[in-house]
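The structure file protein.txt is reproduced below (compact mmCIF, C-alpha atoms and all ligand atoms).
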```txt
# COMPACT_ATOMS: atom_id res chain seq x y z
CA MET B 1 18.67 91.91 -154.78
CA MET B 2 16.38 93.59 -157.27
CA GLY B 3 14.62 90.32 -158.01
CA ALA B 4 13.80 89.87 -154.34
CA GLU B 5 12.20 93.28 -154.21
CA LEU B 6 10.16 92.64 -157.32
CA GLY B 7 9.24 89.14 -156.24
CA SER B 8 7.81 90.48 -152.99
CA GLU B 9 4.95 92.10 -154.93
CA GLN B 10 1.90 90.71 -153.16
CA GLN B 11 -0.71 88.63 -154.90
CA GLN B 12 -4.10 90.26 -155.07
CA VAL B 13 -7.71 89.14 -155.13
CA VAL B 14 -10.35 91.35 -156.73
CA PHE B 15 -13.81 91.75 -155.21
CA SER B 16 -17.07 93.27 -156.40
CA VAL B 17 -19.25 94.95 -153.78
CA GLU B 18 -23.01 94.68 -154.41
CA HIS B 19 -25.00 97.38 -152.69
CA CYS B 20 -28.75 97.64 -152.00
CA GLU B 21 -29.81 101.24 -152.42
CA VAL B 22 -32.89 100.69 -150.25
CA CYS B 23 -31.50 98.84 -147.23
CA GLY B 24 -27.90 99.97 -147.60
CA ILE B 25 -26.67 96.39 -147.34
CA ASP B 26 -23.29 95.58 -148.93
CA ASN B 27 -22.46 92.13 -150.25
CA LYS B 28 -18.82 91.52 -151.09
CA ARG B 29 -18.09 88.67 -153.51
CA PRO B 30 -15.22 87.67 -155.79
CA PHE B 31 -15.07 89.61 -159.07
CA GLN B 32 -16.53 87.91 -162.13
CA LYS B 33 -15.64 88.80 -165.70
CA GLY B 34 -18.22 91.24 -167.04
CA ASP B 35 -18.69 93.02 -163.71
CA PHE B 36 -18.45 96.81 -163.71
CA VAL B 37 -19.36 99.59 -161.33
CA ILE B 38 -23.07 100.60 -161.60
CA LYS B 39 -24.01 97.20 -163.08
CA ARG B 40 -27.19 95.64 -161.70
CA SER B 41 -26.19 92.41 -160.02
CA GLY B 42 -27.58 90.05 -157.38
CA LYS B 43 -30.66 90.18 -155.15
CA CYS B 44 -30.72 91.90 -151.77
CA PRO B 45 -30.85 89.26 -149.01
CA LYS B 46 -33.18 91.51 -146.97
CA CYS B 47 -35.67 93.08 -149.38
CA GLY B 48 -35.11 90.98 -152.50
CA ARG B 49 -34.56 94.00 -154.75
CA GLU B 50 -31.87 94.02 -157.40
CA MET B 51 -28.57 95.31 -156.10
CA MET B 52 -25.94 97.43 -157.85
CA ILE B 53 -22.16 96.99 -157.93
CA SER B 54 -20.92 100.03 -156.04
CA ALA B 55 -17.21 99.21 -156.02
CA ILE B 56 -14.65 96.84 -157.47
CA TYR B 57 -11.32 96.66 -155.75
CA ALA B 58 -8.25 94.52 -155.14
CA GLU B 59 -7.07 93.36 -151.77
CA PRO B 60 -3.78 91.63 -150.99
CA LEU B 61 -4.16 87.88 -150.75
CA VAL B 62 -3.71 86.91 -147.10
CA LYS B 63 -2.99 83.23 -146.53
CA GLY B 64 -5.65 81.44 -144.53
CA THR B 65 -8.49 83.91 -145.06
CA GLN B 66 -9.28 83.01 -148.64
CA MET J 67 56.71 103.95 -139.36
CA ILE J 68 58.12 102.02 -142.27
CA THR J 69 60.05 99.76 -139.96
CA PHE J 70 56.84 98.99 -138.11
CA GLN J 71 55.02 98.14 -141.31
CA LEU J 72 57.78 95.97 -142.64
CA ASN J 73 57.86 94.09 -139.38
CA LEU J 74 54.15 93.37 -139.30
CA PHE J 75 54.67 89.68 -139.80
CA GLY J 76 56.97 89.67 -136.84
CA SER J 77 60.07 88.73 -138.73
CA GLY J 78 62.96 90.54 -140.24
CA SER J 79 63.19 88.10 -143.16
CA VAL J 80 63.63 89.81 -146.55
CA TYR J 81 61.30 87.33 -148.27
CA LEU J 82 58.49 88.07 -145.90
CA ASP J 83 59.07 91.75 -146.37
CA ILE J 84 58.75 91.36 -150.12
CA LEU J 85 55.64 89.23 -149.72
CA GLN J 86 54.10 91.85 -147.50
CA PHE J 87 54.99 94.56 -149.98
CA LEU J 88 53.26 92.59 -152.72
CA PHE J 89 50.17 92.12 -150.55
CA ILE J 90 49.82 95.82 -149.93
CA ALA J 91 51.26 97.47 -152.99
CA VAL J 92 50.02 95.26 -155.84
CA PRO J 93 46.28 95.63 -155.10
CA TRP J 94 46.86 99.32 -154.57
CA ILE J 95 48.56 99.69 -157.92
CA VAL J 96 45.93 97.55 -159.64
CA LEU J 97 43.11 99.63 -158.16
CA LEU J 98 44.92 102.84 -158.97
CA PHE J 99 45.29 102.04 -162.67
CA TRP J 100 42.47 99.61 -163.40
CA GLY J 101 40.00 100.53 -160.64
CA GLN J 102 37.61 102.28 -162.93
CA ARG J 103 37.67 99.44 -165.43
CA LEU J 104 36.83 97.02 -162.65
CA GLN J 105 33.99 99.28 -161.58
CA VAL J 106 32.79 99.48 -165.17
CA SER J 107 32.74 95.71 -165.55
CA VAL J 108 30.86 95.24 -162.27
CA THR J 109 28.31 97.91 -163.25
CA LEU J 110 28.03 96.50 -166.76
CA GLY J 111 27.20 93.12 -165.28
CA GLN J 112 24.46 94.58 -163.11
CA VAL J 113 22.93 96.72 -165.84
CA SER J 114 23.09 93.81 -168.25
CA ARG J 115 21.17 91.58 -165.83
CA ASN J 116 18.52 94.28 -165.40
CA LEU J 117 18.37 94.80 -169.14
CA THR J 118 17.71 91.09 -169.63
CA ARG J 119 14.86 91.37 -167.14
CA LEU J 120 13.49 94.40 -168.97
CA LYS J 121 13.62 92.46 -172.23
CA MET J 122 11.77 89.61 -170.59
CA LEU J 123 9.04 92.00 -169.45
CA ARG J 124 8.83 93.55 -172.92
CA ASP J 125 8.50 90.10 -174.51
CA LYS J 126 5.89 89.08 -171.98
CA SER J 127 3.77 92.16 -172.73
CA LYS J 128 3.98 91.37 -176.46
CA GLN J 129 3.02 87.79 -175.79
CA VAL J 130 -0.02 88.82 -173.70
CA LEU J 131 -1.05 91.29 -176.43
CA VAL J 132 -0.75 88.69 -179.18
CA SER J 133 -2.63 86.06 -177.19
CA TYR J 134 -5.41 88.57 -176.53
CA VAL J 135 -5.69 89.81 -180.11
CA ALA J 136 -4.90 86.71 -182.21
CA PRO J 137 -7.99 84.61 -181.35
CA LYS J 138 -10.25 87.58 -182.10
CA THR J 139 -8.77 88.68 -185.41
CA ALA J 140 -10.54 88.21 -188.72
CA THR J 141 -7.31 87.76 -190.63
CA ASP J 142 -5.30 85.39 -188.47
CA SER J 143 -2.35 85.09 -190.86
CA ASN J 144 0.16 87.73 -189.80
CA THR J 145 -1.19 89.25 -186.60
CA THR J 146 2.16 88.99 -184.82
CA SER J 147 4.13 90.82 -187.49
CA ARG J 148 1.42 93.45 -187.76
CA LEU J 149 1.51 93.99 -184.01
CA ASP J 150 5.31 94.14 -184.15
CA ASP J 151 5.09 96.98 -186.69
CA PHE J 152 2.50 98.58 -184.48
CA LEU J 153 4.88 98.69 -181.52
CA GLU J 154 7.46 100.52 -183.61
CA TYR J 155 5.15 103.40 -184.50
CA PHE J 156 6.43 106.72 -183.32
CA THR J 157 5.08 110.21 -182.74
CA ILE J 158 7.15 113.30 -183.46
CA PRO J 159 6.41 116.09 -181.00
CA PRO J 160 5.94 119.61 -182.45
CA VAL J 161 8.82 122.07 -182.65
CA SER J 162 8.80 124.54 -179.76
CA MET J 163 11.37 127.12 -180.97
CA ASP J 164 8.43 129.39 -181.68
CA PRO J 165 6.15 128.33 -178.83
CA VAL J 166 3.07 130.26 -179.95
CA GLY J 167 0.32 127.75 -180.66
CA VAL J 168 2.45 124.74 -179.78
CA VAL J 169 -0.37 123.20 -177.72
CA LYS J 170 -2.76 123.28 -180.66
CA ARG J 171 -0.20 121.62 -182.90
CA PHE J 172 0.59 119.07 -180.20
CA ASP J 173 -3.13 118.42 -179.79
CA SER J 174 -3.54 117.75 -183.48
CA ILE J 175 -0.58 115.34 -183.52
CA ILE J 176 -1.86 113.43 -180.47
CA THR J 177 -5.37 113.27 -181.94
CA THR J 178 -3.92 111.80 -185.14
CA GLN J 179 -1.98 109.27 -183.10
CA ASP J 180 -5.05 108.22 -181.08
CA LYS J 181 -7.19 107.95 -184.18
CA ARG J 182 -4.59 105.81 -185.89
CA ILE J 183 -4.34 103.40 -182.96
CA LYS J 184 -8.15 103.15 -182.80
CA LYS J 185 -8.43 102.55 -186.54
CA GLU J 186 -5.70 99.90 -186.53
CA VAL J 187 -7.31 98.06 -183.63
CA GLU J 188 -10.69 98.32 -185.31
CA ASP J 189 -9.29 96.77 -188.50
CA LEU J 190 -7.64 94.04 -186.48
CA LEU J 191 -10.73 93.31 -184.34
CA PRO J 192 -13.78 94.13 -186.47
CA ASN J 193 -16.10 91.79 -184.57
CA THR J 194 -15.09 92.76 -181.06
CA ASP J 195 -17.23 95.07 -178.90
CA ARG J 196 -16.14 98.51 -177.69
CA VAL J 197 -14.92 97.24 -174.33
CA GLY J 198 -12.80 94.53 -175.94
CA ARG J 199 -11.33 96.97 -178.44
CA SER J 200 -10.52 99.55 -175.79
CA VAL J 201 -8.68 96.83 -173.85
CA ALA J 202 -6.63 96.01 -176.96
CA GLU J 203 -5.81 99.71 -177.41
CA GLN J 204 -4.58 99.95 -173.83
CA MET J 205 -2.53 96.77 -174.25
CA VAL J 206 -0.91 98.18 -177.38
CA GLY J 207 -0.06 101.27 -175.32
CA ILE J 208 1.60 99.19 -172.62
CA ALA J 209 3.50 96.95 -175.03
CA SER J 210 4.83 99.88 -177.03
CA ALA J 211 5.80 101.77 -173.85
CA LEU J 212 7.79 98.75 -172.67
CA ASN J 213 9.32 98.36 -176.10
CA GLN J 214 10.45 102.01 -176.02
CA ILE J 215 11.83 101.79 -172.48
CA PHE J 216 13.76 98.64 -173.36
CA LYS J 217 15.21 100.11 -176.53
CA ILE J 218 16.31 103.36 -174.87
CA VAL J 219 17.94 101.58 -171.93
CA ARG J 220 19.67 99.18 -174.33
CA HIS J 221 20.95 102.16 -176.35
CA TYR J 222 22.60 103.74 -173.31
CA TYR J 223 23.90 100.38 -172.15
CA PHE J 224 25.71 99.84 -175.46
CA LEU J 225 26.97 103.43 -175.47
CA GLY J 226 28.37 102.99 -171.96
CA LYS J 227 29.88 99.62 -172.85
CA LYS J 228 31.55 100.85 -176.03
CA GLY J 229 33.16 103.84 -174.41
CA SER J 230 33.71 102.14 -171.02
CA ASN J 231 31.86 105.17 -169.73
CA TYR J 232 31.39 104.50 -166.05
CA TYR J 233 29.33 107.62 -165.41
CA LEU J 234 26.78 106.74 -168.06
CA LEU J 235 26.49 103.20 -166.74
CA ALA J 236 26.27 104.41 -163.15
CA GLN J 237 23.30 106.62 -164.06
CA LEU J 238 21.61 103.67 -165.75
CA GLN J 239 22.31 101.52 -162.73
CA MET J 240 20.75 104.14 -160.47
CA ILE J 241 17.46 104.45 -162.38
CA MET J 242 17.16 100.75 -163.19
CA PRO J 243 15.33 99.65 -160.00
CA MET J 244 12.62 102.30 -160.53
CA LEU J 245 12.30 101.56 -164.25
CA LEU J 246 12.00 97.84 -163.57
CA LYS J 247 9.37 98.40 -160.93
CA GLN J 248 7.27 100.49 -163.32
CA ALA J 249 7.79 98.03 -166.16
CA GLU J 250 6.70 95.22 -163.87
CA ALA J 251 3.60 97.21 -162.86
CA LEU J 252 2.72 97.76 -166.52
CA VAL J 253 2.97 94.06 -167.29
CA ASN J 254 0.96 93.19 -164.18
CA ALA J 255 -1.75 95.62 -165.31
CA MET J 256 -2.41 93.64 -168.48
CA PRO J 257 -4.52 90.88 -166.86
CA THR J 258 -6.42 93.62 -164.99
CA LEU J 259 -7.19 95.24 -168.36
CA GLU J 260 -8.20 91.94 -169.88
CA MET J 261 -10.66 91.30 -167.03
CA GLY J 262 -12.04 94.83 -167.36
CA GLN J 263 -11.39 95.71 -163.72
CA PRO J 264 -11.24 99.37 -162.62
CA LEU J 265 -7.71 100.80 -162.36
CA GLY J 266 -6.38 102.98 -159.57
CA ASP J 267 -6.53 105.86 -162.04
CA GLY J 268 -10.29 105.28 -162.33
CA ILE J 269 -11.21 106.86 -159.01
CA GLY J 270 -12.31 110.16 -160.60
CA PRO J 271 -14.75 108.57 -163.09
CA MET J 272 -15.96 106.20 -160.35
CA ALA J 273 -16.80 109.01 -157.92
CA VAL J 274 -18.70 110.87 -160.67
CA ALA J 275 -20.37 107.69 -162.02
CA LEU J 276 -21.96 107.01 -158.65
CA LEU J 277 -23.34 110.56 -158.62
CA MET J 278 -24.76 110.53 -162.15
CA LYS J 279 -26.07 106.95 -162.27
CA ASP J 280 -29.77 107.79 -161.90
CA ARG J 281 -29.73 110.74 -164.33
CA ASP J 282 -30.19 110.88 -168.08
CA LYS J 283 -26.85 110.60 -169.82
CA VAL J 284 -25.91 112.37 -173.04
CA GLU J 285 -22.84 111.57 -175.15
CA ILE J 286 -21.08 114.88 -175.51
CA GLY J 287 -18.04 114.54 -177.70
CA THR J 288 -15.73 111.60 -178.24
CA GLU J 289 -16.25 108.86 -175.66
CA THR J 290 -17.41 111.37 -173.07
CA VAL J 291 -20.75 111.49 -171.25
CA MET J 292 -22.62 114.24 -169.44
CA ALA J 293 -25.53 114.27 -167.00
CA GLU J 294 -27.33 117.07 -165.19
CA SER J 295 -28.49 117.14 -161.60
CA GLU J 296 -29.29 119.53 -158.79
CA TYR J 297 -27.98 120.10 -155.30
CA LYS J 298 -29.27 122.67 -152.80
CA GLY J 299 -30.36 125.13 -155.46
CA ARG J 300 -27.23 124.70 -157.62
CA LYS J 301 -27.20 123.05 -161.01
CA LEU J 302 -24.65 120.26 -161.31
CA ILE J 303 -23.23 119.08 -164.61
CA PHE J 304 -21.33 115.80 -164.39
CA LEU J 305 -18.73 114.81 -166.93
CA LYS J 306 -16.72 111.63 -167.36
CA ALA J 307 -15.31 109.31 -170.00
CA GLN J 308 -17.75 106.75 -171.32
CA GLY J 309 -17.45 103.41 -169.54
CA PRO J 310 -17.08 100.61 -168.88
CA GLU J 311 -14.61 100.77 -171.78
CA GLY J 312 -11.03 101.58 -170.92
CA ASN J 313 -10.65 105.15 -172.08
CA VAL J 314 -10.12 108.61 -170.69
CA GLY J 315 -12.53 110.40 -173.04
CA GLU J 316 -12.07 113.99 -174.07
CA VAL J 317 -13.33 115.80 -171.00
CA ASP J 318 -11.46 118.98 -171.92
CA ASP J 319 -13.25 119.38 -175.25
CA ALA J 320 -16.56 118.39 -173.66
CA LEU J 321 -16.05 121.04 -170.98
CA ILE J 322 -15.32 123.69 -173.62
CA LYS J 323 -18.41 122.61 -175.56
CA ILE J 324 -20.62 122.82 -172.47
CA ALA J 325 -19.27 126.20 -171.47
CA SER J 326 -19.66 127.64 -174.96
CA ASP J 327 -23.20 126.65 -175.79
CA GLN J 328 -25.60 125.03 -173.32
CA HIS J 329 -24.17 126.45 -170.13
CA LYS J 330 -22.37 129.71 -170.84
CA ASP J 331 -22.94 130.83 -167.26
CA ILE J 332 -21.00 128.20 -165.30
CA SER J 333 -19.72 129.49 -161.98
CA ALA J 334 -17.12 126.85 -161.10
CA ILE J 335 -15.36 123.70 -162.28
CA ILE J 336 -14.49 120.89 -159.89
CA MET J 337 -12.07 118.22 -161.08
CA ILE J 338 -11.64 114.84 -159.39
CA ASP J 339 -8.53 112.89 -160.24
CA ALA J 340 -5.92 110.49 -158.92
CA ALA J 341 -2.68 112.25 -158.00
CA LEU J 342 0.79 110.86 -157.50
CA LYS J 343 1.54 110.56 -153.81
CA LEU J 344 4.88 111.40 -152.29
CA GLU J 345 6.67 108.56 -150.55
CA GLY J 346 5.33 108.46 -147.00
CA GLU J 347 1.87 109.69 -147.94
CA LYS J 348 -1.00 107.27 -147.43
CA THR J 349 -2.70 105.62 -150.42
CA GLY J 350 -6.29 106.75 -150.75
CA GLU J 351 -5.76 110.03 -148.89
CA VAL J 352 -8.05 112.76 -150.24
CA SER J 353 -6.86 116.32 -150.56
CA GLU J 354 -8.32 119.51 -151.96
CA GLY J 355 -6.71 122.27 -153.91
CA VAL J 356 -7.13 124.63 -156.82
CA GLY J 357 -6.12 124.25 -160.46
CA ALA J 358 -6.80 121.82 -163.27
CA ALA J 359 -6.27 118.30 -161.97
CA ILE J 360 -5.57 116.38 -165.15
CA GLY J 361 -2.46 114.50 -166.29
CA GLY J 362 -1.21 113.61 -169.75
CA TYR J 363 1.00 115.77 -171.91
CA GLY J 364 -0.55 118.98 -170.60
CA ILE J 365 -2.78 119.65 -173.61
CA GLU J 366 -6.02 119.05 -171.71
CA LYS J 367 -4.71 121.00 -168.75
CA PHE J 368 -3.82 123.93 -170.95
CA LYS J 369 -7.25 124.00 -172.60
CA ILE J 370 -9.08 123.87 -169.27
CA GLU J 371 -6.88 126.58 -167.76
CA GLN J 372 -7.48 128.73 -170.83
CA LEU J 373 -11.23 128.22 -170.54
CA ALA J 374 -11.23 129.03 -166.83
CA PHE J 375 -9.18 132.15 -167.45
CA GLU J 376 -11.41 133.39 -170.29
CA LYS J 377 -14.61 132.67 -168.41
CA LYS J 378 -13.15 133.87 -165.10
CA VAL J 379 -14.36 130.77 -163.30
CA PRO J 380 -12.41 129.11 -160.50
CA VAL J 381 -11.16 125.53 -160.93
CA TYR J 382 -11.12 123.40 -157.78
CA ALA J 383 -9.40 120.04 -157.50
CA VAL J 384 -10.13 117.04 -155.31
CA VAL J 385 -7.44 114.40 -155.62
CA VAL J 386 -6.87 110.90 -154.29
CA LYS J 387 -3.25 110.06 -153.53
CA GLU J 388 -1.71 106.93 -155.00
CA SER J 389 1.62 105.74 -156.39
CA ILE J 390 2.26 105.28 -160.10
CA VAL J 391 2.22 101.51 -159.59
CA GLU J 392 -1.18 101.72 -157.86
CA ALA J 393 -2.55 104.02 -160.56
CA ILE J 394 -1.83 101.61 -163.41
CA GLY J 395 -2.86 98.47 -161.49
CA ALA J 396 -6.22 97.18 -160.26
CA MET J 397 -7.88 99.71 -157.95
CA ARG J 398 -6.96 99.01 -154.34
CA LYS J 399 -9.46 98.94 -151.49
CA GLU J 400 -8.09 102.10 -149.86
CA ILE J 401 -8.60 103.98 -153.12
CA ALA J 402 -12.12 102.64 -153.74
CA GLU J 403 -13.12 103.52 -150.20
CA SER J 404 -12.06 107.13 -150.65
CA VAL J 405 -15.12 107.72 -152.88
CA LYS J 406 -17.27 108.84 -149.93
CA THR J 407 -14.68 111.37 -148.74
CA VAL J 408 -14.28 112.65 -152.30
CA GLN J 409 -18.03 113.18 -152.68
CA GLU J 410 -18.23 114.93 -149.29
CA SER J 411 -15.41 117.26 -150.36
CA VAL J 412 -17.15 118.01 -153.67
CA PHE J 413 -20.46 118.87 -152.00
CA ARG J 414 -18.74 121.00 -149.37
CA ILE J 415 -16.92 122.95 -152.09
CA ILE J 416 -20.24 123.43 -153.88
CA GLU J 417 -21.95 124.70 -150.75
CA GLU J 418 -19.12 127.02 -149.80
CA ARG J 419 -17.93 128.27 -153.17
CA VAL J 420 -20.82 128.07 -155.61
CA PRO J 421 -23.60 130.64 -155.12
CA GLU J 422 -27.22 129.48 -155.03
CA ASN J 423 -28.66 129.23 -158.54
CA GLY J 424 -25.08 128.82 -159.76
CA LYS J 425 -23.89 126.12 -162.14
CA VAL J 426 -20.94 123.87 -161.49
CA VAL J 427 -19.29 121.26 -163.70
CA VAL J 428 -17.95 118.23 -161.84
CA VAL J 429 -15.41 116.33 -163.93
CA GLY J 430 -14.22 112.80 -163.15
CA VAL J 431 -10.79 112.59 -164.73
CA GLY J 432 -9.09 109.27 -165.50
CA ASN J 433 -9.44 105.90 -167.16
CA THR J 434 -12.97 104.62 -166.75
CA LEU J 435 -12.32 100.92 -167.39
CA GLY J 436 -14.82 98.81 -165.44
CA VAL J 437 -16.86 101.85 -164.44
CA ALA J 438 -20.08 102.61 -166.33
CA GLN J 439 -22.33 105.60 -165.63
ZN ZN U 501 -32.42 95.71 -149.78
```
Would you put the structure from the file into structure tokens?
Amino acid sequence: MMGAELGSEQQQVVFSVEHCEVCGIDNKRPFQKGDFVIKRSGKCPKCGREMMISAIYAEPLVKGTQ
Amino acid sequence: MITFQLNLFGSGSVYLDILQFLFIAVPWIVLLFWGQRLQVSVTLGQVSRNLTRLKMLRDKSKQVLVSYVAPKTATDSNTTSRLDDFLEYFTIPPVSMDPVGVVKRFDSIITTQDKRIKKEVEDLLPNTDRVGRSVAEQMVGIASALNQIFKIVRHYYFLGKKGSNYYLLAQLQMIMPMLLKQAEALVNAMPTLEMGQPLGDGIGPMAVALLMKDRDKVEIGTETVMAESEYKGRKLIFLKAQGPEGNVGEVDDALIKIASDQHKDISAIIMIDAALKLEGEKTGEVSEGVGAAIGGYGIEKFKIEQLAFEKKVPVYAVVVKESIVEAIGAMRKEIAESVKTVQESVFRIIEERVPENGKVVVVGVGNTLGVAQ
């Protein structure tokens, strides 16, 4: 009974969100080791400037979407 | 009535009557005299299964810790036994019969404890960077918490078993599901720590980090950073633990330091922290209040309250609701997305409650793993 409840804990995927402070564009990609919030990472697809990781968060793994 | 009962089987036969008597009376007598023992053995079985699971979780946390530390150690020989000793370390809380000054004594004990853990980890991992070491410190914390939980539960289990004490076992049985859930969350948090991902508890530092990122940062006290900024004629002083290492800093001491030398004239303190939600409340909900929003043993809270009282400055709190499981695990999307609402609340409080030309300290409270500044 207890095991079933514990086993139901959903699997999660962690994402890093890169943000361009000029255009306001967000680019969500899977988390890579060494990422942290505020880190400079990736180029903006619109203006080519360096983007910044503005958030790192986990989302439940939904079958079919990943 | 009796005649009716005895004739249940539809026969007047004496044998059937006796059989029926046995069917009804024997279980009744058994339950009457041995009912509690039966209950005890059923409960014992359940608690014992849960205890085995708890032991498994404890062992897993140890295993993760060893596999994280062992490849990085300089002296590879007896890492496991050294870590085992490490998990048995204990801290004796101060006596509170004479409560005057108990917080100061508690503070000194906790500081000693933290220093010892840091020193031990440093000796074990001399060539690892600050982030890696902070992760090891956190892992030691988790493994020793699980070790303690397991040992305490096992103690009560044996006590209950020895004395066939149903009430003791029943209490264990009642808290077991919650304990197991938290233990499971702690073990699940270990890979998150190893990857250096922000925890749910990191929402306070994250909200402040995004506000102070373009300013000059000064290290003010142990693992704590400060930056100054301005907003609509008010001076803002941001404070958070130094990231992206996994630590909570010493924001209380930093706050006292700021208020006693550079900025004696602060007009308000705003604290941002994660707060435990009640069941039914939504994760990531932001709410405002007053008072020192900071967890732990209460030492930091006491010091900040004392400071606010002496300086006669109000302390405002902006908190993000989450469960204990969410706070110790990887930060969830709902929590990360609350940053905007938190910042709006902070700026509204500043506009409404801090006079122009006033100074306000904004403190991001929590573990800053995976969040720089
Ligand atoms: Zn751009």
request  = Check every protein, DNA and RNA residue against ligand ZN 501 (chain U), keep those with an atom at most 9 Å away (counting only C-alpha atoms and all ligand atoms), and present them as a PyMOL selection string.
outcome  = chain B and resi 19-25+43-51
Next, write the just-selected residues to a file, as a PDB file, in the frame of the given file, keeping C-alpha atoms as the atom set.
```pdb
ATOM      1  CA  HIS B  19     -25.000  97.380-152.690  1.00  0.00           C
ATOM      2  CA  CYS B  20     -28.750  97.640-152.000  1.00  0.00           C
ATOM      3  CA  GLU B  21     -29.810 101.240-152.420  1.00  0.00           C
ATOM      4  CA  VAL B  22     -32.890 100.690-150.250  1.00  0.00           C
ATOM      5  CA  CYS B  23     -31.500  98.840-147.230  1.00  0.00           C
ATOM      6  CA  GLY B  24     -27.900  99.970-147.600  1.00  0.00           C
ATOM      7  CA  ILE B  25     -26.670  96.390-147.340  1.00  0.00           C
ATOM      8  CA  LYS B  43     -30.660  90.180-155.150  1.00  0.00           C
ATOM      9  CA  CYS B  44     -30.720  91.900-151.770  1.00  0.00           C
ATOM     10  CA  PRO B  45     -30.850  89.260-149.010  1.00  0.00           C
ATOM     11  CA  LYS B  46     -33.180  91.510-146.970  1.00  0.00           C
ATOM     12  CA  CYS B  47     -35.670  93.080-149.380  1.00  0.00           C
ATOM     13  CA  GLY B  48     -35.110  90.980-152.500  1.00  0.00           C
ATOM     14  CA  ARG B  49     -34.560  94.000-154.750  1.00  0.00           C
ATOM     15  CA  GLU B  50     -31.870  94.020-157.400  1.00  0.00           C
ATOM     16  CA  MET B  51     -28.570  95.310-156.100  1.00  0.00           C
TER      17      MET B  51
END
```
key: Atomic distance atom CA of J:Val405 - atom CA of J:Ala273, expressed in Å with one decimal   =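 Distance between the two atoms: 5.5 Å.
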Nearest to J:Gln105 by atom-to-atom distance, counting all atoms listed in the file, from J:Val379, J:Ala325, J:Leu235, J:Val352 =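 Smallest separation from J:Gln105 among the options: J:Leu235.
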inquiry  = Show me, as a PyMOL selection string, the residues that have an atom within 9 Å of B:Lys28 when counting all atoms listed in the file, minus same-chain residues fewer than 2 positions from it.
reply    = chain B and resi 15-19+26+30
request  = Take the point (-2.3, 96.2, -164.0) as written in the file and pick out every residue within 12 Å of it, counting all atoms listed in the file; give the list as a count of residues only.
outcome  = 39
Which chain B residues have any atom within 8 Å of an atom of chain J, and for each, what is the nearest pair of atoms with distance in Å to one decimal, counting all atoms listed in the file, rows sorted by chain and number, as a Markdown table?
```
| residue | atom | partner | partner_atom | distance |
| --- | --- | --- | --- | --- |
| B:Met2 | CA | J:Pro243 | CA | 6.7 |
| B:Leu6 | CA | J:Lys247 | CA | 6.8 |
| B:Val14 | CA | J:Ala396 | CA | 8.0 |
| B:Lys33 | CA | J:Met261 | CA | 5.7 |
| B:Gly34 | CA | J:Gly262 | CA | 7.2 |
| B:Asp35 | CA | J:Gly436 | CA | 7.2 |
| B:Phe36 | CA | J:Gly436 | CA | 4.5 |
| B:Val37 | CA | J:Val437 | CA | 4.6 |
| B:Ile38 | CA | J:Ala438 | CA | 5.9 |
| B:Lys39 | CA | J:Ala438 | CA | 7.4 |
| B:Ser54 | CA | J:Leu276 | CA | 7.5 |
| B:Ala55 | CA | J:Ala402 | CA | 6.5 |
| B:Ile56 | CA | J:Pro264 | CA | 6.7 |
| B:Tyr57 | CA | J:Met397 | CA | 5.1 |
| B:Ala58 | CA | J:Arg398 | CA | 4.7 |
| B:Glu59 | CA | J:Lys399 | CA | 6.1 |
```
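Proximity to J:Leu190 was assessed for J:Gly315, J:Gly167, J:Pro137, J:Pro159 counting all atoms listed in the file; the smallest distance is recorded for J:Pro137.
Picture a line from atom CA of J:Ser389 to atom CA of J:Ala334; it runs 28.6 Å.
With atom CA of J:Gly364 on one side and atom CA of J:Val206 on the other, the separation reads 21.9 Å.
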ask   = Near J:Thr157, counting all atoms listed in the file, which residues have an atom at most 9 Å away, once you skip same-chain residues fewer than 4 positions from it, shown as a PyMOL selection string?
value = chain J and resi 175-176+179
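If you measure from each of J:Tyr363, J:Phe413, J:Phe304, J:Tyr222 to J:Val427 using only C-alpha atoms, the closest one turns out to be J:Phe304.
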key: Polymer residues at most 7 Å from J:Glu388, all atoms listed in the file, same-chain spacing of 2 or more positions, as a list in words   =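 Counting all atoms listed in the file, the residues come to Ala340, Ala341, Leu342, Lys343, Thr349, Gly350, Val386, Ile390, Glu392 and Ala393 of chain J.
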